[in-house]
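What follows is one structure encoded as structure tokens, with my remarks underneath.
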Amino acid sequence: MENNRIESMTNALFVEDQVCSLNEIFEKISSEQLILPKGYIISRLKESSCLIIYIIEMDTNSSPFISHSSALSKYLIAQSILLIFYLAFSQFHFYLLRLQTTTMSGKSCCIKLDDDWEGYSLNHFCIPKHYQPYLKNVLIPHGMVLDRIERLAFDIMQDMGITEAPLSAKPLICICVLKGGYKFFSDIIDSIMSLNRHTNVTLPVRVEFIRAKSYINDKSSRDLKVLGGEQLSDINGKNVLIVEDIVDTGNTMQALLKYLSEYKPALIKVASLFVKRNPKNTKSYRPDYVGFEVPDNFIVGYALDFNEYFRDLGHVCEMSEEGITNFRS
């Protein structure tokens with residue numbers, strides 16, 4: 001009988017200097033060609049191809065090797081059952097902990113970017129070459145934007161969704177403020193639809209689209225032009241969510257809220273992906289749901305534009321002075 005020793009494990013085991021497959025290891029154990037060192041047990045978990053080696057406590061007077069095949073098999077079965085129960089309990093406990101954390105955490109706060117936040121180098125990301133010279137940095141990567149939107153959708157569902165009598169659920173009329181809000185609107189609606197499918201919370205959604213223009217170059221004007229409001233009479237007595245890309249001075253959104261209130265909705269809430277720390281926001285207007293609070297710089301990307309440029313930029317970036325000068329109309 002060869003007294004081979006197990007030295008290490010990756011996808012297979014090294015027995016002496018020879019790499020053995022998982023099946024070969026078990027064949028060697030069954031035929032008593034492989035003797036395990038003191039304190040080691042080897043086990044296969046159900047149909048998994050993974051071998052698990054773990055240390056057991058053994059009496060100091062016991063034999064330094066486990067060599068009897070039938071006794072080893074019985075011990076392996078007992079240990080495998082205990083291991084399966086332990087892993088199952090660990091996963092279930094983790095699920096309960098995650099569920100408790102999610103349900104008790106309440107509405108999430110926005111992510112604040114400090115004024116001295118320099119962002120990420122453009123070299124770390126794929127940036128269209130026709131935009132590279134006009135950008136300073138990547139302020140928020142695209143993936144982080146999507147993750148934050150998913151959480152905002154969760155908050156909305158918690159506030160306005162229902163868990164009982166789903167057939168009586170009142171629809172939420174989501175109004176997209178074009179053009180800058182179309183990406184945020186599309187992604188947050190997709191997230192709400194996903195939560196509708198995979199959670200016990202129900203929130204029917206209807207969509208409307210309007211255009212509200214108040215920007216001339218890089219300045220926010222006081223004149224608000226609303227287009228596409230022909231069907232807004234339908235919001236009478238309904239719950240409404242305005243989905244906007246960015247709140248700067250707050251003048252545009254406050255004017256829009258006043259405009260929509262004339263149709264007498266039951267409830268109006270606002271979700272804005274970005275809020276600027278603008279000193280001109282004298283009334284300190286704050287949307288109900290905010291993704292990111294950003295410095296008072298001009299940002300573009302993720303459908304945010306500068307005179308209709310940069311909407312096709314995936315990441316949220318800060319414009320350079322050269323960019324502002326070049327694209328100013």
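Chain labels run A, B, ... following the order of the structure tokens; each chain numbers its residues from 1, and ligands are numbered from 1 in the order shown.
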
Might you pull out every residue within 7 Å of Phe274 of chain A, with only C-alpha atoms counted and same-chain residues fewer than 4 positions away left off, and present them as a PyMOL selection string? chain A and resi 245-247+290-294

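Atom CA of Leu304 of chain A sits 18.2 Å away from atom CA of Ile111 of chain A.
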
Nearest to Arg277 of chain A: which of A:Gln132, A:Lys238, A:Gly250, A:Ala255 is it, counting only C-alpha atoms?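 Comparing A:Gln132, A:Lys238, A:Gly250, A:Ala255 against Arg277 of chain A, the winner is A:Gly250.
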
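Of the residues under consideration (A:Lys258, A:His198, A:Lys269, A:Arg206), A:Lys258 shows the shortest atom-to-atom contact distance to Leu224 of chain A when counting only C-alpha atoms.
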
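We find atom CA of Glu208 of chain A and atom CA of Tyr309 of chain A to be spaced 24.5 Å apart.
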
Length of the atom CA of Phe125 of chain A to atom CA of Met144 of chain A vector [Å]: 13.2 Å

Mind the document's chain letters and residue numbers, and return as a PyMOL selection string the residues of segment 118-276 of chain A that DSSP labels alpha helix (DSSP H). chain A and resi 142-160+182-198+251-261

Going by DSSP on the backbone, which bits of segment 98-181 of chain A are strand (DSSP E)? Write them as number ranges by chain, please. A: 111-112, 135-140, 172-178

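When the distance limit is 7 Å and only C-alpha atoms are what count, the residues near segment 174-181 of chain A, minus those fewer than 4 positions from it on the same chain, are Phe185, Val205, Arg206, Val207, Glu208, Phe209, Ile210, Arg211, Ala212, Val240, Leu241, Ile242, Val243, Glu244, Asp245, Ala303, Leu304 and Asp305 of chain A.
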
Top pick for closest residue to Gly314 of chain A, considering A:Val201, A:Val300, A:Val275, A:Ala165 and counting only C-alpha atoms: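 Residue with the minimum atom-to-atom distance to Gly314 of chain A: A:Val300.
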